[in-house]
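> Take a look at final03.cif, mmCIF, C-alpha atoms:
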data_start
#
loop_
_atom_site.label_atom_id
_atom_site.label_comp_id
_atom_site.auth_asym_id
_atom_site.auth_seq_id
_atom_site.Cartn_x
_atom_site.Cartn_y
_atom_site.Cartn_z
CA MET A 1062 0.00 0.00 0.00
CA ASN A 1063 0.98 3.67 -0.28
CA ALA A 1064 2.00 5.54 2.83
CA THR A 1065 3.36 8.97 3.68
CA ILE A 1066 6.27 9.22 6.10
CA LEU A 1067 6.76 12.58 7.79
CA THR A 1068 10.13 13.51 9.18
CA ARG A 1069 10.89 16.91 10.63
CA SER A 1070 10.59 18.85 7.42
CA GLU A 1071 10.04 16.24 4.72
CA ALA A 1072 7.03 14.23 3.56
CA VAL A 1073 8.09 11.11 1.68
CA SER A 1074 5.67 8.85 -0.19
CA VAL A 1075 6.36 5.11 -0.20
CA ARG A 1076 4.52 2.59 -2.38
CA ASP A 1077 5.37 -0.81 -1.04
CA ALA A 1078 4.43 -0.55 2.64
CA ALA A 1079 2.58 -3.24 4.60
CA LEU A 1080 0.59 -2.55 7.75
CA GLU A 1081 0.40 -5.28 10.41
CA GLY A 1082 -1.05 -4.18 13.70
CA GLU A 1083 1.03 -1.15 14.66
CA ALA A 1084 3.97 -2.24 12.49
CA LEU A 1085 4.66 -0.55 9.17
CA TRP A 1086 6.92 -2.80 7.07
CA LEU A 1087 9.04 -1.08 4.43
CA THR A 1088 11.56 -2.30 1.92
CA PRO A 1089 15.14 -1.29 2.76
CA GLU A 1090 15.15 1.04 -0.26
CA GLU A 1091 12.02 2.87 0.86
CA LEU A 1092 13.25 2.97 4.46
CA THR A 1093 16.40 4.70 3.26
CA ARG A 1094 14.44 7.15 1.12
CA ALA A 1095 12.12 8.03 4.02
CA THR A 1096 14.59 8.09 6.92
CA GLU A 1097 18.14 7.84 5.48
CA TRP A 1098 18.69 4.66 7.54
CA ALA A 1099 20.34 2.04 5.31
CA ARG A 1100 20.65 -1.71 5.95
CA THR A 1101 24.35 -2.65 5.87
CA PRO A 1102 26.43 -5.61 7.10
CA ASP A 1103 27.10 -3.47 10.23
CA GLY A 1104 23.40 -3.08 10.99
CA LEU A 1105 21.52 0.10 10.16
CA CYS A 1106 23.56 3.14 9.25
CA ARG A 1107 22.79 6.78 8.68
CA GLY A 1108 25.90 8.57 7.50
CA ALA A 1109 28.71 7.66 9.90
CA LEU A 1110 26.27 6.55 12.60
CA CYS A 1111 25.50 2.82 12.75
CA VAL A 1112 23.31 0.88 15.16
CA PRO A 1113 23.54 -2.90 15.46
CA VAL A 1114 20.50 -4.97 14.64
CA PRO A 1115 20.04 -7.47 17.48
CA PRO A 1116 19.70 -11.05 16.18
CA ALA A 1117 16.10 -11.36 17.34
CA ALA A 1118 15.06 -7.78 16.56
CA PRO A 1119 11.30 -8.03 15.95
CA TRP A 1120 11.46 -5.01 13.62
CA VAL A 1121 13.62 -6.69 10.95
CA ARG A 1122 12.57 -9.59 8.74
CA ASP A 1123 15.15 -11.25 6.58
CA ASP A 1124 13.10 -13.70 4.52
CA GLY A 1125 15.67 -14.77 1.98
CA ALA A 1126 15.93 -11.98 -0.57
CA ALA A 1127 13.00 -10.00 0.77
CA THR A 1128 14.22 -7.97 3.74
CA ARG A 1129 11.66 -5.73 5.42
CA VAL A 1130 12.06 -3.26 8.27
CA ASP A 1131 9.23 -2.14 10.56
CA LEU A 1132 9.56 1.62 10.67
CA VAL A 1133 7.52 1.94 13.87
CA GLY A 1134 9.51 -0.74 15.68
CA LEU A 1135 12.80 0.76 14.53
CA ALA A 1136 11.77 4.25 15.68
CA ARG A 1137 10.81 2.92 19.11
CA HIS A 1138 14.09 1.01 19.33
CA LEU A 1139 15.89 4.31 18.70
CA GLY A 1140 13.77 6.21 21.22
CA GLN A 1141 12.06 8.24 18.53
CA PRO A 1142 8.39 9.15 19.00
CA VAL A 1143 5.86 7.98 16.43
CA ALA A 1144 2.45 9.50 15.71
CA ALA A 1145 0.31 7.73 13.14
CA SER A 1146 -3.02 8.02 11.43
CA PRO A 1147 -3.30 4.65 9.65
CA ALA A 1148 -6.75 5.64 8.33
CA HIS A 1149 -5.02 8.39 6.34
CA ARG A 1150 -1.88 6.30 5.81
CA VAL A 1151 0.40 8.87 7.43
CA TRP A 1152 3.20 8.19 9.92
CA ALA A 1153 5.22 10.95 11.62
CA ILE A 1154 8.61 10.05 13.07
CA GLY A 1155 10.11 12.55 15.50
CA GLU A 1156 13.51 12.94 17.09
CA SER A 1157 14.22 11.48 20.50
CA HIS A 1158 14.15 13.95 23.36
CA ALA A 1159 17.65 12.75 24.25
CA ALA A 1160 19.01 13.75 20.84
CA LEU A 1161 17.21 17.09 20.89
CA GLY A 1162 18.34 17.81 24.45
CA ASP A 1163 21.95 16.73 23.92
CA ARG A 1164 22.23 19.03 20.94
CA LEU A 1165 20.91 22.01 22.90
CA ARG A 1166 23.07 21.21 25.93
CA SER A 1167 26.17 21.28 23.71
CA LEU A 1168 25.36 24.99 23.12
CA ASP A 1169 26.24 24.53 19.44
CA ALA A 1170 23.33 26.29 17.78
CA PRO A 1171 21.31 23.64 15.91
CA ASP A 1172 21.58 24.20 12.18
CA PHE A 1173 18.45 24.59 10.06
CA THR A 1174 17.59 25.27 6.43
CA LEU A 1175 14.45 27.27 5.67
CA PRO A 1176 13.15 29.22 2.68
CA ASP A 1177 12.42 32.92 2.32
CA LEU A 1178 9.44 34.31 0.37
CA ASP A 1179 11.32 33.94 -2.92
CA GLY A 1180 11.99 30.27 -2.24
CA ARG A 1181 15.71 30.71 -1.59
CA ALA A 1182 16.89 28.28 1.10
CA TRP A 1183 19.01 29.75 3.90
CA SER A 1184 21.01 27.78 6.46
CA LEU A 1185 22.28 29.02 9.78
CA ARG A 1186 25.76 27.71 8.95
CA GLU A 1187 26.06 30.37 6.20
CA PHE A 1188 26.31 32.96 8.97
CA ARG A 1189 29.37 31.50 10.68
CA GLY A 1190 31.77 34.35 11.46
CA ARG A 1191 28.92 36.78 12.20
CA LYS A 1192 26.76 37.28 15.25
CA VAL A 1193 23.19 36.09 14.66
CA PHE A 1194 20.12 37.46 16.39
CA LEU A 1195 17.64 34.68 15.59
CA LEU A 1196 14.04 35.74 16.12
CA ALA A 1197 10.98 33.49 15.80
CA TRP A 1198 7.58 35.13 15.29
CA ALA A 1199 4.18 34.12 13.92
CA SER A 1200 1.20 35.73 12.23
CA TRP A 1201 -1.31 34.09 14.55
CA MET O 1247 19.48 39.18 12.12
CA ILE O 1248 17.44 36.25 10.87
CA THR O 1249 13.68 36.18 11.39
CA VAL O 1250 11.67 32.98 11.14
CA ALA O 1251 7.89 32.89 10.84
CA LEU O 1252 6.38 29.83 12.53
CA ASP O 1253 3.23 29.36 10.45
CA SER O 1254 1.70 26.09 9.27
CA ALA O 1255 0.09 27.96 6.37
CA GLY O 1256 3.53 29.16 5.28
CA ALA O 1257 3.76 32.15 2.95
CA ALA O 1258 -0.04 32.38 2.74
CA ALA O 1259 -0.08 33.42 6.40
CA ALA O 1260 3.30 35.10 6.90
CA GLY O 1261 3.87 36.61 3.44
CA GLU O 1262 1.87 39.81 3.82
CA TRP O 1263 3.64 40.65 7.11
CA ILE O 1264 7.06 40.05 5.60
CA ARG O 1265 6.30 42.11 2.49
CA ALA O 1266 4.97 44.98 4.63
CA ALA O 1267 8.15 44.98 6.73
CA ARG O 1268 10.38 45.21 3.61
CA PRO O 1269 13.15 43.33 5.43
CA THR O 1270 16.83 43.77 4.61
CA HIS O 1271 17.68 40.61 6.59
CA PRO O 1272 16.80 36.99 5.72
CA ALA O 1273 13.09 36.63 6.59
CA LEU O 1274 12.42 32.90 6.58
CA ILE O 1275 9.26 30.80 6.84
CA ASP O 1276 9.02 27.60 8.87
CA ALA O 1277 5.81 25.80 7.91
CA HIS O 1278 6.66 22.69 9.96
CA TYR O 1279 7.89 24.22 13.23
CA ASP O 1280 11.33 22.75 12.60
CA LEU O 1281 13.02 25.66 14.38
CA ALA O 1282 10.59 25.39 17.30
CA THR O 1283 11.48 21.71 17.72
CA ARG O 1284 15.26 22.19 17.41
CA TYR O 1285 15.38 25.13 19.83
CA HIS O 1286 12.39 24.02 21.90
CA LEU O 1287 10.49 27.28 21.44
CA VAL O 1288 7.11 27.38 23.18
CA ASN O 1289 5.95 30.88 22.32
CA VAL O 1290 6.62 33.83 20.05
CA PRO O 1291 8.36 36.15 19.77
CA SER O 1292 11.38 34.23 21.02
CA ALA O 1293 14.99 35.08 20.26
CA VAL O 1294 18.31 33.27 20.55
CA TRP O 1295 21.72 34.95 20.42
CA ILE O 1296 24.35 33.01 18.47
CA ASP O 1297 27.98 34.10 18.33
CA GLU O 1298 30.47 34.08 15.46
CA ARG O 1299 31.44 30.45 16.21
CA GLY O 1300 27.86 29.25 16.07
CA ARG O 1301 27.54 28.98 19.86
CA ILE O 1302 24.34 29.83 21.71
CA VAL O 1303 25.24 32.71 24.03
CA ARG O 1304 21.68 33.41 25.19
CA PRO O 1305 19.08 30.64 24.97
CA ALA O 1306 15.56 31.37 23.77
CA GLU O 1307 13.69 34.09 25.63
CA VAL O 1308 10.88 36.52 24.90
CA ALA O 1309 11.99 39.38 22.66
CA PHE O 1310 9.67 42.22 21.67
CA ALA O 1311 10.90 45.35 19.90
CA ASP O 1312 8.95 47.61 22.28
CA ASN O 1313 6.68 47.60 25.32
CA ARG O 1314 3.26 47.41 23.68
CA PHE O 1315 2.72 43.93 25.18
CA ILE O 1316 4.17 44.68 28.59
CA ALA O 1317 0.95 43.37 30.17
CA TYR O 1318 2.07 39.94 28.89
CA THR O 1319 5.84 40.25 29.26
CA ARG O 1320 5.84 42.10 32.61
CA PHE O 1321 9.30 43.19 31.59
CA ASP O 1322 10.71 46.44 30.25
CA MET O 1323 11.89 45.48 26.77
CA THR O 1324 14.12 48.56 26.49
CA ARG O 1325 16.46 46.65 28.86
CA TYR O 1326 16.52 43.75 26.42
CA LEU O 1327 17.25 46.00 23.43
CA ASP O 1328 20.03 47.78 25.33
CA ALA O 1329 21.54 44.38 26.16
CA LEU O 1330 21.32 43.32 22.52
CA ARG O 1331 23.14 46.49 21.41
CA ASP O 1332 25.75 45.90 24.10
CA TRP O 1333 26.39 42.37 22.81
CA ALA O 1334 26.53 43.58 19.18
CA ASP O 1335 29.16 46.09 20.28
CA LYS O 1336 31.25 44.10 22.79
CA GLY O 1337 30.67 40.48 21.80
CA SER O 1338 31.74 37.93 24.39
CA ALA O 1339 32.91 40.75 26.69
CA SER O 1340 29.30 41.86 27.11
CA ALA O 1341 27.93 41.32 30.62
CA HIS O 1342 24.82 39.85 28.98
CA VAL O 1343 26.76 36.83 27.70
CA ARG O 1344 26.52 34.35 30.55
CA PRO O 1345 29.07 31.61 31.31
CA PRO O 1346 28.24 28.29 29.55
CA GLY O 1347 27.04 26.65 32.78
CA ASP O 1348 24.51 29.44 33.36
CA ARG O 1349 23.32 29.18 29.75
CA ARG O 1350 22.71 25.45 30.12
CA GLU O 1351 20.70 26.08 33.26
CA ARG O 1352 18.49 28.50 31.31
CA LEU O 1353 17.80 25.95 28.58
CA ALA O 1354 14.32 24.47 28.65
CA LEU O 1355 15.28 20.92 27.65
CA PRO O 1356 12.60 18.77 26.00
CA THR O 1357 11.19 15.73 27.82
CA ALA O 1358 10.00 12.54 26.14
CA ALA O 1359 6.45 13.96 26.29
CA HIS O 1360 7.62 17.13 24.56
CA ALA O 1361 9.32 15.15 21.78
CA ARG O 1362 6.11 13.19 21.30
CA ALA O 1363 4.11 16.44 21.30
CA ALA O 1364 6.26 17.78 18.44
CA THR O 1365 5.59 14.58 16.47
CA CYS O 1366 1.83 14.74 17.06
CA PHE O 1367 1.87 18.39 15.99
CA ARG O 1368 3.77 17.50 12.82
CA LEU O 1369 1.17 14.84 11.98
CA ALA O 1370 -1.69 17.22 12.80
CA GLU O 1371 -0.52 20.00 10.53
CA HIS O 1372 -0.01 17.51 7.71
CA LEU O 1373 -3.52 16.11 8.16
CA HIS O 1374 -4.94 19.63 8.20
CA ALA O 1375 -3.11 20.61 5.01
CA ALA O 1376 -4.15 17.33 3.37
CA GLY O 1377 -7.83 18.17 3.86
CA HIS O 1378 -8.57 16.22 7.05
CA PRO O 1379 -9.15 19.03 9.55
CA GLU O 1380 -11.19 16.94 12.00
CA ALA O 1381 -8.55 14.20 12.14
CA ALA O 1382 -5.99 16.96 12.63
CA VAL O 1383 -7.78 18.29 15.71
CA GLU O 1384 -7.27 14.98 17.53
CA PHE O 1385 -3.49 15.24 17.16
CA PHE O 1386 -3.32 18.99 17.80
CA LYS O 1387 -5.11 18.27 21.07
CA GLU O 1388 -2.71 15.47 21.92
CA ALA O 1389 0.24 17.82 21.32
CA GLN O 1390 -1.41 20.45 23.54
CA ASP O 1391 -2.06 17.89 26.29
CA LEU O 1392 1.51 16.58 26.15
CA GLU O 1393 3.02 20.05 26.34
CA PRO O 1394 0.45 22.47 27.78
CA GLU O 1395 3.20 25.08 28.26
CA SER O 1396 3.49 25.49 24.47
CA TRP O 1397 1.45 28.42 23.27
CA CYS O 1398 2.69 27.61 19.74
CA TYR O 1399 0.74 24.34 19.72
CA LYS O 1400 -2.39 26.03 21.01
CA ARG O 1401 -2.41 29.25 19.05
CA GLN O 1402 -1.39 27.67 15.73
CA ALA O 1403 -4.13 25.05 16.01
CA TRP O 1404 -6.74 27.64 16.95
CA ALA O 1405 -5.66 29.86 14.05
CA LEU O 1406 -6.32 27.08 11.54
CA THR O 1407 -9.91 26.51 12.57
CA ASP O 1408 -12.78 27.64 14.79
CA ALA O 1409 -11.15 27.43 18.25
CA GLU O 1410 -14.39 27.68 20.21
CA ARG O 1411 -16.06 24.95 18.18
CA PHE O 1412 -13.20 22.45 18.04
CA TYR O 1413 -11.23 23.25 21.20
CA SER O 1414 -13.96 24.81 23.39
CA THR O 1415 -11.68 27.67 24.31
CA THR O 1416 -10.39 31.10 23.33
CA PHE O 1417 -7.07 32.85 23.77
CA GLN O 1418 -8.54 35.12 26.44
CA ASP O 1419 -9.99 32.14 28.34
CA GLU O 1420 -6.60 30.43 28.32
CA VAL O 1421 -4.76 33.54 29.48
CA LYS O 1422 -7.33 33.93 32.27
CA ALA O 1423 -6.75 30.28 33.23
CA LEU O 1424 -3.12 31.14 33.99
CA GLY O 1425 -4.47 32.65 37.21
CA GLY O 1426 -1.74 35.25 37.47
CA ARG O 1427 1.11 32.99 36.33
CA PRO O 1428 3.18 34.73 33.63
CA TYR O 1429 2.35 34.30 29.95
CA TYR O 1430 6.04 34.60 29.06
CA ALA O 1431 8.94 33.29 31.13
CA ARG O 1432 10.88 36.26 32.45
CA PRO O 1433 14.00 37.09 30.42
CA ASP O 1434 17.31 36.39 32.14
CA PHE O 1435 18.04 39.78 33.71
CA PRO O 1436 18.65 40.80 37.31
CA PRO O 1437 15.59 42.31 39.01
CA ASP O 1438 14.98 46.00 38.45
CA ALA O 1439 13.20 48.07 41.10
CA HIS O 1440 11.46 50.08 38.40
CA GLU O 1441 10.23 47.09 36.44
CA GLU O 1442 6.58 47.23 35.55
CA ARG O 1443 4.33 44.59 37.07
CA ALA O 1444 1.21 45.02 34.97
CA GLU O 1445 -1.28 42.15 34.91
CA PRO O 1446 -2.64 40.84 31.59
#
Show how you would write the structure in this file as structure tokens.


Amino acid sequence: MNATILTRSEAVSVRDAALEGEALWLTPEELTRATEWARTPDGLCRGALCVPVPPAAPWVRDDGAATRVDLVGLARHLGQPVAASPAHRVWAIGESHAALGDRLRSLDAPDFTLPDLDGRAWSLREFRGRKVFLLAWASW
Amino acid sequence: MITVALDSAGAAAAGEWIRAARPTHPALIDAHYDLATRYHLVNVPSAVWIDERGRIVRPAEVAFADNRFIAYTRFDMTRYLDALRDWADKGSASAHVRPPGDRRERLALPTAAHARAATCFRLAEHLHAAGHPEAAVEFFKEAQDLEPESWCYKRQAWALTDAERFYSTTFQDEVKALGGRPYYARPDFPPDAHEERAEP
């Protein structure tokens, strides 16, 4: 079935998802497209970060050639919150509070990339070497 | 200076304000509250000071350009602006740049419930934009219940729909429910004998 996976700022459509109870089984290719986690001989890796897959991990199925990963189970294993509306086939995967908190506690300003009205994307890291007064506001 | 509009409706909501301001700084739009999640912002306007090395030298705190909302801030914003100018001038030598330990103490770190709230909010705004406003309300409410301190989650959700009908509340009712507790956390400044103490 089709499903939409929401990460912090992306919405990724997958086509070959299977829903079983709370589990959402994805192919490794679609898992990587939605979350950047890739199945490797070392486990699951995102960039330089790898996590081992325990032998009896209930969120991985290696049935011969057809490997599937349960996105919901993986997120819970990593301490990431999940909010889902299966009726609308949408799953949101958040960041763990530990990761968010550790980054803030480091006092290194979290980077972000956001557009202006003309659609140009700006990243905080472009301003290295200058002081930044970062102000959040809203129209509401 | 970088400004970021937290608005689920994106340019449709924030655009007219940005155009009217004719900004000479980057005026960005955050339709998914990415910045709010990364910096754990619970209200607007909130500002963070970041130095030349990309270090947070003052964590998020309320930052108005004048005192028109002093009933809500209960703080003389001219002190904040003076401090900002002092930092722009003196950098790390400014008395308003606190030692790292003090800055960490001022951080409002997210709990597991807060991280889940951000995820529910993300799902809710997607459902709303995808044409499922009633399904969205369920998750907006969950976000609000998980982090009742976040005015962002409340006010954004109310702004997208009829707040009285779907949330049985109004902004004024919610402010009244504070029962004298402050609407904004007090900025990190020593007490001032002349500070205004107006009630909202």

> Would you list which chain A residues are within 8 Å of chain O using only C-alpha atoms, as a ChimeraX atom specification?

/A:1067,1069-1070,1142-1145,1151-1159,1161-1162,1165-1166,1168-1171,1173,1175-1178,1183,1186,1188-1201

> Save out the residues we just selected, C-alpha atoms, as a PDB file, keeping the file's coordinate frame.


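Writing the result to again.pdb gives the following:
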ATOM      1  CA  LEU A1067       6.760  12.580   7.790  1.00  0.00           C
ATOM      2  CA  ARG A1069      10.890  16.910  10.630  1.00  0.00           C
ATOM      3  CA  SER A1070      10.590  18.850   7.420  1.00  0.00           C
ATOM      4  CA  PRO A1142       8.390   9.150  19.000  1.00  0.00           C
ATOM      5  CA  VAL A1143       5.860   7.980  16.430  1.00  0.00           C
ATOM      6  CA  ALA A1144       2.450   9.500  15.710  1.00  0.00           C
ATOM      7  CA  ALA A1145       0.310   7.730  13.140  1.00  0.00           C
ATOM      8  CA  VAL A1151       0.400   8.870   7.430  1.00  0.00           C
ATOM      9  CA  TRP A1152       3.200   8.190   9.920  1.00  0.00           C
ATOM     10  CA  ALA A1153       5.220  10.950  11.620  1.00  0.00           C
ATOM     11  CA  ILE A1154       8.610  10.050  13.070  1.00  0.00           C
ATOM     12  CA  GLY A1155      10.110  12.550  15.500  1.00  0.00           C
ATOM     13  CA  GLU A1156      13.510  12.940  17.090  1.00  0.00           C
ATOM     14  CA  SER A1157      14.220  11.480  20.500  1.00  0.00           C
ATOM     15  CA  HIS A1158      14.150  13.950  23.360  1.00  0.00           C
ATOM     16  CA  ALA A1159      17.650  12.750  24.250  1.00  0.00           C
ATOM     17  CA  LEU A1161      17.210  17.090  20.890  1.00  0.00           C
ATOM     18  CA  GLY A1162      18.340  17.810  24.450  1.00  0.00           C
ATOM     19  CA  LEU A1165      20.910  22.010  22.900  1.00  0.00           C
ATOM     20  CA  ARG A1166      23.070  21.210  25.930  1.00  0.00           C
ATOM     21  CA  LEU A1168      25.360  24.990  23.120  1.00  0.00           C
ATOM     22  CA  ASP A1169      26.240  24.530  19.440  1.00  0.00           C
ATOM     23  CA  ALA A1170      23.330  26.290  17.780  1.00  0.00           C
ATOM     24  CA  PRO A1171      21.310  23.640  15.910  1.00  0.00           C
ATOM     25  CA  PHE A1173      18.450  24.590  10.060  1.00  0.00           C
ATOM     26  CA  LEU A1175      14.450  27.270   5.670  1.00  0.00           C
ATOM     27  CA  PRO A1176      13.150  29.220   2.680  1.00  0.00           C
ATOM     28  CA  ASP A1177      12.420  32.920   2.320  1.00  0.00           C
ATOM     29  CA  LEU A1178       9.440  34.310   0.370  1.00  0.00           C
ATOM     30  CA  TRP A1183      19.010  29.750   3.900  1.00  0.00           C
ATOM     31  CA  ARG A1186      25.760  27.710   8.950  1.00  0.00           C
ATOM     32  CA  PHE A1188      26.310  32.960   8.970  1.00  0.00           C
ATOM     33  CA  ARG A1189      29.370  31.500  10.680  1.00  0.00           C
ATOM     34  CA  GLY A1190      31.770  34.350  11.460  1.00  0.00           C
ATOM     35  CA  ARG A1191      28.920  36.780  12.200  1.00  0.00           C
ATOM     36  CA  LYS A1192      26.760  37.280  15.250  1.00  0.00           C
ATOM     37  CA  VAL A1193      23.190  36.090  14.660  1.00  0.00           C
ATOM     38  CA  PHE A1194      20.120  37.460  16.390  1.00  0.00           C
ATOM     39  CA  LEU A1195      17.640  34.680  15.590  1.00  0.00           C
ATOM     40  CA  LEU A1196      14.040  35.740  16.120  1.00  0.00           C
ATOM     41  CA  ALA A1197      10.980  33.490  15.800  1.00  0.00           C
ATOM     42  CA  TRP A1198       7.580  35.130  15.290  1.00  0.00           C
ATOM     43  CA  ALA A1199       4.180  34.120  13.920  1.00  0.00           C
ATOM     44  CA  SER A1200       1.200  35.730  12.230  1.00  0.00           C
ATOM     45  CA  TRP A1201      -1.310  34.090  14.550  1.00  0.00           C
TER      46      TRP A1201
END

> Evaluate the PyMOL selection byres ((chain A and resi 1129) around 9) against this structure - the residues, as a PyMOL selection string, please.

chain A and resi 1086-1089+1092+1120-1124+1127-1128+1130-1131

> Those residues you just picked out, can you put them in a file as a PDB file, in the frame of the given file with C-alpha atoms?


ATOM      1  CA  TRP A1086       6.920  -2.800   7.070  1.00  0.00           C
ATOM      2  CA  LEU A1087       9.040  -1.080   4.430  1.00  0.00           C
ATOM      3  CA  THR A1088      11.560  -2.300   1.920  1.00  0.00           C
ATOM      4  CA  PRO A1089      15.140  -1.290   2.760  1.00  0.00           C
ATOM      5  CA  LEU A1092      13.250   2.970   4.460  1.00  0.00           C
ATOM      6  CA  TRP A1120      11.460  -5.010  13.620  1.00  0.00           C
ATOM      7  CA  VAL A1121      13.620  -6.690  10.950  1.00  0.00           C
ATOM      8  CA  ARG A1122      12.570  -9.590   8.740  1.00  0.00           C
ATOM      9  CA  ASP A1123      15.150 -11.250   6.580  1.00  0.00           C
ATOM     10  CA  ASP A1124      13.100 -13.700   4.520  1.00  0.00           C
ATOM     11  CA  ALA A1127      13.000 -10.000   0.770  1.00  0.00           C
ATOM     12  CA  THR A1128      14.220  -7.970   3.740  1.00  0.00           C
ATOM     13  CA  VAL A1130      12.060  -3.260   8.270  1.00  0.00           C
ATOM     14  CA  ASP A1131       9.230  -2.140  10.560  1.00  0.00           C
TER      15      ASP A1131
END

> May I ask for the distance between CA of His1149 (chain A) and CA of Thr1416 (chain O), given in Å to one decimal place?

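Value for the CA of His1149 (chain A)-CA of Thr1416 (chain O) distance: 28.9 Å.
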
> Taking the file above as input, evaluate the PyMOL selection byres ((chain A and resi 1081) around 12) and report the hits as a ChimeraX atom specification.

/A:1062,1078-1080,1082-1087,1120,1131-1134,1147

> In Å, rounded to a single decimal, give me how far CA of Leu1105 (chain A) is from CA of His1138 (chain A).

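Straight-line distance from CA of His1138 (chain A) to CA of Leu1105 (chain A) works out to 11.8 Å.
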
> Which of these residues is nearest to Trp1098 (chain A), using all atoms listed in the file: A:Ala1136, A:Ala1117, A:Ala1182, A:Ala1148?

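Of the candidates, the smallest distance to Trp1098 (chain A) is held by A:Ala1136.
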
> Determine the nearest neighbour of Glu1091 (chain A) from the options A:Asp1077, A:Arg1107, A:Asp1163, A:Arg1181, counting all atoms listed in the file.

A:Asp1077

> Padding 8 Å on each side, edges along x, y and z: where is the centre of the box around the listed atoms of region 1405-1418 of chain O, and how long are its edges in Å to one decimal? Output it as lines of an AutoDock Vina configuration file.


center_x = -10.9
center_y = 28.8
center_z = 19.0
size_x = 26.4
size_y = 28.7
size_z = 30.9

> Just to confirm, what's the straight-line distance from CA of Pro1379 (chain O) to CA of Glu1393 (chain O) in Å (one decimal)?

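For CA of Pro1379 (chain O) relative to CA of Glu1393 (chain O), the distance reads 20.8 Å.
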